[in-house]
Number of protein chains: 2
Amino acid sequence: ARALGLGRNTVNLAYEGLAQLGWVTAHVGQGTFVSRPTPGSAPSDSEPTLPRGFVWESLFSNRGHLGLVPRIPTPDRGEVRVDLRAGRVDGGALPADVLRRAAGRALRELPAVANRLEPGGSRALRVEIARSLLARGIACDAEDVLVVHGAQQALDLVARTLIDPGDAVVVEQPGYFGASLAFAASQASLVGVGVDASGMRTDELRRILRARRVKLVYTTPAVQCPTGVALCEPRRRELLELADTYQVPILEDDYDCQLRLGTQAAPALKTWDDAGQVVYVGTFSKALFPGLRLGYVVAAPALRRQLRLARLVADFGCSALDEALLVDLLRSGALERHVRRMRKLYAERLEALASALEAGLPEGSRVSRPAGGTALWLTLPAQVDAATFHRLAREAGFAYTRGEEFFVGPGGERHLYLSFACHPPAELAAAGDELARLVVRAARRRPAPLQVS
Amino acid sequence: ARALGLGRNTVNLAYEGLAQLGWVTAHVGQGTFVSRPTPGSAPSDSEPTLPRGFVWESLFSNRGHLGLVPRIPTPDRGEVRVDLRAGRVDGGALPADVLRRAAGRALRELPAVANRLEPGGSRALRVEIARSLLARGIACDAEDVLVVHGAQQALDLVARTLIDPGDAVVVEQPGYFGASLAFAASQASLVGVGVDASGMRTDELRRILRARRVKLVYTTPAVQCPTGVALCEPRRRELLELADTYQVPILEDDYDCQLRLGTQAAPALKTWDDAGQVVYVGTFSKALFPGLRLGYVVAAPALRRQLRLARLVADFGCSALDEALLVDLLRSGALERHVRRMRKLYAERLEALASALEAGLPEGSRVSRPAGGTALWLTLPAQVDAATFHRLAREAGFAYTRGEEFFVGPGGERHLYLSFACHPPAELAAAGDELARLVVRAARRRPAPLQVS
């Protein structure tokens with residue numbers, strides 16, 4: 001700004017523009033650098049890059065360093081005709097009567113719980129969560145559970161507790177945006193490790209752990225976010241062995257565990273955690289609904305104590321009414337019944353969307369059917385210009401979650417994260433069909449700058 | 001530990017014991033030092049001390065520094081006969097029918113709000129909060145409001161956004177424990193400024209601001225926590241003038257604003273905030289109940305944007321049901337009616353407890369009737385050994401919030417923070433009478449070490 005006699009904001013805007021175009025990359029605590037021409041998908045051990053696609057901005061500007069967070073993605077403007085954005089459940093399929101009766105009971109308890117401020121969550125809820133975790137193969141007590149405002153708070157508390165500025169944190173690539181956000185805000189250096197059809201590439205992880213000190217490994221083994229892949233058993237064993245060998249904690253985010261869509265789900269990593277290195281995070285945002293801000297962490301006693309103190313700093317606890325409501329649904333079995341119903345419903349919806357896409361997509365496209373959850377991962381074929389496709393889809397009234405959200409570094413623009421949660425099968429089949437045709441159309445066109453008239 | 005051949009835990013326990021006895025003091029990022037003999041009440045510009053009374057512990061032990069937080073105060077053991085602990089409302093006085101109907105309406109909206117994740121709070125709630133703030137003299141728009149999980153999250157987000165390790169933050173002495181907690185976790189140096197019958201001593205603040213760079217001034221002007229004093233108008237003007245002169249933001253915590261007990265409340269500092277230096281924090285924990293985790297921040301646009309990003313890192317928003325419930329209560333006027341009723345109720349209860357104490361307490365005692373809220377501040381006379389009194393009171397089955405919670409440094413043991421929220425006037429009169437007699441009894445005794453037989 002000084003060199004050119006411009007305002008700081010103008011220069012910042014220019015940097016943002018360059019970053020959006022992929023020409024420059026920001027590094028935590030170091031500054032902004034010209035991007036290397038072909039970063040590829042190999043993990044960059046020495047120079048971790050930050051998520052692109054989002055415009056990263058300085059959050060803690062007064063700290064003299066860059067604690068970076070992405071701009072909140074804005075929904076597409078204009079009329080949205082088909083909304084396939086991820087992170088949602090079918091609100092209309094919630095058991096309204098069950099919820100109303102449970103809320104009534106929760107309110108009758110209000111005089112007794114109105115003053116409840118339990119930074120770890122009510123004992124009743126912790127008991128029920130511990131009991132429900134048996135189904136995931138996790139044996140723990142109410143004392144082991146810390147109730148928080150959804151998985152995001154769990155990730156943030158772990159980051160605040162464990163991460164020093166500059167510490168390396170391994171994240172899946174592609175991986176969950178909210179986790180990278182929490183780690184970046186604690187000034188971690190993000191190191192991406194690749195994902196293939198068997199989940200996180202533990203061979204890459206081994207190379208990283210050999211080469212440098214890593215403070216934390218973040219993973220979504222049950223339903224890899226966003227690809228939907230389940231981590232295969234040999235890699236599960238290898239991951240736990242690596243955690244033990246290198247004494248590095250694993251943060252297992254089991255966010256979609258209740259909504260598995262196959263018949264059999266692998267037990268949680270935490271089940272085999274003899275070394276006590278796994279910090280387990282769960283949430284009720286998917287089994288019930290995101291507006292219910294209730295999740296939890298299960299960790300070894302020493303870390304748990306620190307997390308509880310960090311929670312006391314952050315806020316004094318969760319909504320007493322929501323906690324009482326959830327206890328009721330867990331105790332009565334209503335939640336389990338609802339989840340069973342939703343699994344069937346979502347499996348049918350996934351089938352409708354995935355089949356339509358597979359039938360219509362040109363060669364080189366890839367539809368990854370998830371092991372669970374509410375969204376599938378679509379990869380555009382190499383011959384399609386991604387920008388052209390996204391423009392066509394937007395013009396046709398489609399809204400969806402773009403792949404850039406899940407990438408540390410470039411490569412995200414070729415992917416779509418499509419929710420199948422909120423539409424009946426017939427609508428999803430029509431949407432899949434239409435999207436596939438748009439991909440075919442985009443494949444016929446050349447990228448805009450090369451187009452003739 | 002190495003010098004004595006002991007385990008680290010043993011040495012830590014010894015340090016904790018010494019700190020509890022007041023023999024040593026921990027300093028953020030520096031270590032533990034032998035206490036100066038008489039720290040007095042003057043603000044210590046160069047060497048801020050940390051709250052005593054709590055045992056401060058290392059939260060972020062892996063960070064190579066001491067981010068310190070107090071141990072959560074445990075309730076007195078044994079049978080509690082009269083519970084006067086602060087921070088509670090009368091749960092039985094909540095408008096049960098009104099809440100049930102509002103919750104029913106909120107649940108009917110659920111399909112529409114189930115997927116709502118608004119890190120800033122729903123627009124409907126922000127509109128209602130902005131409207132309700134007019135009564136405090138604050139003119140702001142829905143866009144200016146950030147909804148959070150109670151005042152504590154507001155304080156933590158402000159701390160995370162503004163404070164660098166080692167930054168000086170001015171806090172009232174005595175002052176609110178949760179604020180010191182949030183600032184200490186962000187590794188602030190806490191600087192205490194005295195409080196007298198007219199509120200925060202702005203003359204002391206002026207001296208501090210002249211002597212050193214201060215990052216933030218935290219204050220509770222409407223109902224000083226814990227003394228209950230309202231900041232007088234000349235000091236309000238001086239505070240705002242100092243903020244402008246020294247360009248230091250004021251964090252105004254208006255936690256008890258709705259429960260003023262006098263006829264007239266001074267407008268908020270924020271009302272006169274021409275320089276845009278006041279960050280305003282409010283909560284519904286007192287007007288409704290603490291288990292409802294809903295509060296808010298109003299700040300100037302630049303900071304607000306940073307706070308919203310920090311909120312996105314911390315968690316993705318508040319309970320959709322609680323937000324819908326609160327919108328309903330604000331819109332219908334039910335909250336305002338409830339608050340008016342509670343003001344009268346609490347004023348009668350305060351009168352009952354305060355009168356009984358004043359009638360029975362020996363000379364030199366001081367009962368500070370608060371300008372609002374649910375607790376009064378009692379100071380024991382100099383001739384009473386505080387430890388003896390606390391022992392007698394505990395033996396008699398009393399539980400209350402002890403003064404140590406509110407002090408940066410020693411001096412808290414002579415104070416009690418007594419809630420009058422949860423008992424009818426007759427019970428409070430009896431409790432006040434009994435407590436006063438215990439003070440008289442304690443005054444007759446010598447401190448334990450000097451006692452004969």
# chains A, B, ... in the order shown; residues from 1 in each chain; ligands from 1

call {"tool": "interface_residues", "arguments": {"of": "chain A", "to": "chain B", "cutoff": "6 Å", "atoms": "only C-alpha atoms", "output": "list in words"}}
result
Leu59, Phe60, Arg63, Arg88, Gly91, Gly92, Pro111, Ala114, Asn115, Arg116, Gln152, Gln153, Asp156, Thr161, Asp164, Ala182, Phe289, Pro290, Gly291, Leu292, Arg293, Gln306, Val313, Ala314, Asp315, Ser319 and Ala320 of chain A

call {"tool": "select_by_dssp", "arguments": {"residues": "segment 137-309 of chain A", "states": "strand (DSSP E or B)", "output": "ChimeraX atom specification"}}
result
/A:145-148,168-173,189-196,199-200,216-219,250-253,260,278-283,295-298

call {"tool": "write_last_selection", "arguments": {"atoms": "N, CA and C atoms", "output": "mmCIF file, in the first residue's frame"}}
result
data_model
loop_
_atom_site.group_PDB
_atom_site.id
_atom_site.type_symbol
_atom_site.label_atom_id
_atom_site.label_comp_id
_atom_site.auth_asym_id
_atom_site.auth_seq_id
_atom_site.Cartn_x
_atom_site.Cartn_y
_atom_site.Cartn_z
ATOM 1 N N VAL A 145 -18.184 -37.801 29.086
ATOM 2 C CA VAL A 145 -18.869 -37.060 28.015
ATOM 3 C C VAL A 145 -18.922 -35.570 28.363
ATOM 4 N N LEU A 146 -18.605 -34.746 27.383
ATOM 5 C CA LEU A 146 -18.776 -33.299 27.521
ATOM 6 C C LEU A 146 -19.764 -32.854 26.448
ATOM 7 N N VAL A 147 -20.899 -32.298 26.878
ATOM 8 C CA VAL A 147 -21.923 -31.850 25.931
ATOM 9 C C VAL A 147 -21.589 -30.433 25.457
ATOM 10 N N VAL A 148 -21.667 -30.203 24.165
ATOM 11 C CA VAL A 148 -21.311 -28.899 23.599
ATOM 12 C C VAL A 148 -22.351 -28.470 22.556
ATOM 13 N N ALA A 168 1.488 -28.032 13.478
ATOM 14 C CA ALA A 168 0.948 -28.695 12.294
ATOM 15 C C ALA A 168 -0.261 -29.549 12.675
ATOM 16 N N VAL A 169 -1.335 -29.410 11.930
ATOM 17 C CA VAL A 169 -2.518 -30.249 12.097
ATOM 18 C C VAL A 169 -2.815 -30.904 10.755
ATOM 19 N N VAL A 170 -2.944 -32.231 10.760
ATOM 20 C CA VAL A 170 -3.250 -32.947 9.528
ATOM 21 C C VAL A 170 -4.758 -32.958 9.312
ATOM 22 N N VAL A 171 -5.183 -32.553 8.131
ATOM 23 C CA VAL A 171 -6.604 -32.615 7.763
ATOM 24 C C VAL A 171 -6.743 -33.407 6.476
ATOM 25 N N GLU A 172 -7.914 -34.027 6.298
ATOM 26 C CA GLU A 172 -8.176 -34.752 5.064
ATOM 27 C C GLU A 172 -8.316 -33.767 3.913
ATOM 28 N N GLN A 173 -7.914 -34.217 2.738
ATOM 29 C CA GLN A 173 -7.956 -33.362 1.556
ATOM 30 C C GLN A 173 -8.595 -34.127 0.417
ATOM 31 N N SER A 189 -0.870 -24.746 11.347
ATOM 32 C CA SER A 189 -0.495 -24.953 9.949
ATOM 33 C C SER A 189 -1.240 -26.190 9.482
ATOM 34 N N LEU A 190 -2.068 -26.036 8.459
ATOM 35 C CA LEU A 190 -2.856 -27.172 7.977
ATOM 36 C C LEU A 190 -2.034 -27.979 6.983
ATOM 37 N N VAL A 191 -1.970 -29.277 7.197
ATOM 38 C CA VAL A 191 -1.273 -30.174 6.282
ATOM 39 C C VAL A 191 -2.307 -31.147 5.724
ATOM 40 N N GLY A 192 -2.490 -31.118 4.415
ATOM 41 C CA GLY A 192 -3.508 -31.969 3.808
ATOM 42 C C GLY A 192 -2.982 -33.370 3.540
ATOM 43 N N VAL A 193 -3.828 -34.383 3.790
ATOM 44 C CA VAL A 193 -3.469 -35.757 3.421
ATOM 45 C C VAL A 193 -4.588 -36.270 2.500
ATOM 46 N N GLY A 194 -4.199 -36.962 1.453
ATOM 47 C CA GLY A 194 -5.148 -37.361 0.417
ATOM 48 C C GLY A 194 -6.180 -38.378 0.879
ATOM 49 N N VAL A 195 -7.247 -38.492 0.099
ATOM 50 C CA VAL A 195 -8.337 -39.432 0.366
ATOM 51 C C VAL A 195 -8.577 -40.216 -0.925
ATOM 52 N N ASP A 196 -8.708 -41.530 -0.843
ATOM 53 C CA ASP A 196 -9.095 -42.310 -2.023
ATOM 54 C C ASP A 196 -10.304 -43.170 -1.679
ATOM 55 N N GLY A 199 -10.665 -44.289 1.865
ATOM 56 C CA GLY A 199 -10.591 -43.285 2.917
ATOM 57 C C GLY A 199 -9.236 -42.602 2.970
ATOM 58 N N MET A 200 -8.903 -42.022 4.124
ATOM 59 C CA MET A 200 -7.652 -41.280 4.281
ATOM 60 C C MET A 200 -6.450 -42.139 3.900
ATOM 61 N N LEU A 216 -1.933 -32.862 15.856
ATOM 62 C CA LEU A 216 -3.269 -33.445 15.843
ATOM 63 C C LEU A 216 -3.575 -33.945 14.435
ATOM 64 N N VAL A 217 -4.278 -35.082 14.374
ATOM 65 C CA VAL A 217 -4.762 -35.588 13.080
ATOM 66 C C VAL A 217 -6.284 -35.573 13.130
ATOM 67 N N TYR A 218 -6.897 -34.849 12.191
ATOM 68 C CA TYR A 218 -8.353 -34.762 12.144
ATOM 69 C C TYR A 218 -8.874 -35.699 11.064
ATOM 70 N N THR A 219 -9.885 -36.501 11.394
ATOM 71 C CA THR A 219 -10.405 -37.440 10.408
ATOM 72 C C THR A 219 -11.905 -37.715 10.595
ATOM 73 N N ILE A 250 -5.691 -38.359 17.708
ATOM 74 C CA ILE A 250 -6.581 -38.412 16.543
ATOM 75 C C ILE A 250 -7.901 -37.775 16.945
ATOM 76 N N LEU A 251 -8.361 -36.822 16.176
ATOM 77 C CA LEU A 251 -9.678 -36.235 16.415
ATOM 78 C C LEU A 251 -10.659 -36.907 15.458
ATOM 79 N N GLU A 252 -11.470 -37.818 16.004
ATOM 80 C CA GLU A 252 -12.416 -38.583 15.190
ATOM 81 C C GLU A 252 -13.769 -37.882 15.176
ATOM 82 N N ASP A 253 -14.139 -37.352 14.031
ATOM 83 C CA ASP A 253 -15.415 -36.649 13.905
ATOM 84 C C ASP A 253 -16.419 -37.627 13.298
ATOM 85 N N ARG A 260 -25.949 -43.885 8.899
ATOM 86 C CA ARG A 260 -25.285 -44.771 7.935
ATOM 87 C C ARG A 260 -26.356 -45.314 6.984
ATOM 88 N N VAL A 278 -7.537 -41.272 20.965
ATOM 89 C CA VAL A 278 -8.644 -40.807 20.128
ATOM 90 C C VAL A 278 -9.575 -39.875 20.907
ATOM 91 N N VAL A 279 -9.776 -38.691 20.361
ATOM 92 C CA VAL A 279 -10.772 -37.754 20.875
ATOM 93 C C VAL A 279 -11.986 -37.903 19.959
ATOM 94 N N TYR A 280 -13.110 -38.304 20.533
ATOM 95 C CA TYR A 280 -14.282 -38.655 19.736
ATOM 96 C C TYR A 280 -15.321 -37.537 19.789
ATOM 97 N N VAL A 281 -15.804 -37.118 18.615
ATOM 98 C CA VAL A 281 -16.801 -36.045 18.531
ATOM 99 C C VAL A 281 -18.057 -36.565 17.842
ATOM 100 N N GLY A 282 -19.204 -36.306 18.424
ATOM 101 C CA GLY A 282 -20.483 -36.665 17.814
ATOM 102 C C GLY A 282 -21.448 -35.494 17.865
ATOM 103 N N THR A 283 -22.554 -35.610 17.155
ATOM 104 C CA THR A 283 -23.533 -34.517 17.112
ATOM 105 C C THR A 283 -24.929 -35.070 16.891
ATOM 106 N N GLY A 295 -24.050 -31.340 20.617
ATOM 107 C CA GLY A 295 -23.074 -32.350 20.238
ATOM 108 C C GLY A 295 -22.282 -32.752 21.464
ATOM 109 N N TYR A 296 -21.224 -33.530 21.280
ATOM 110 C CA TYR A 296 -20.468 -33.971 22.456
ATOM 111 C C TYR A 296 -19.054 -34.404 22.089
ATOM 112 N N VAL A 297 -18.196 -34.445 23.096
ATOM 113 C CA VAL A 297 -16.824 -34.931 22.964
ATOM 114 C C VAL A 297 -16.611 -36.003 24.013
ATOM 115 N N VAL A 298 -15.896 -37.057 23.627
ATOM 116 C CA VAL A 298 -15.423 -38.063 24.584
ATOM 117 C C VAL A 298 -13.902 -38.086 24.468
#

call {"tool": "residues_around", "arguments": {"residues": "Leu84 of chain B", "least_positions_apart": "3", "cutoff": "10 Å", "atoms": "only C-alpha atoms", "output": "ChimeraX atom specification"}}
result
/B:80-81,87-88,375,398-401,416-423,428,431

call {"tool": "residues_around", "arguments": {"residues": "Leu134 of chain A", "least_positions_apart": "4", "cutoff": "12 Å", "atoms": "only C-alpha atoms", "output": "count of residues only"}}
result
12

call {"tool": "residues_around", "arguments": {"residues": "Ala347 of chain B", "least_positions_apart": "4", "cutoff": "7 Å", "atoms": "only C-alpha atoms", "output": "list in words"}}
result
Leu261, Arg343 and Glu351 of chain B
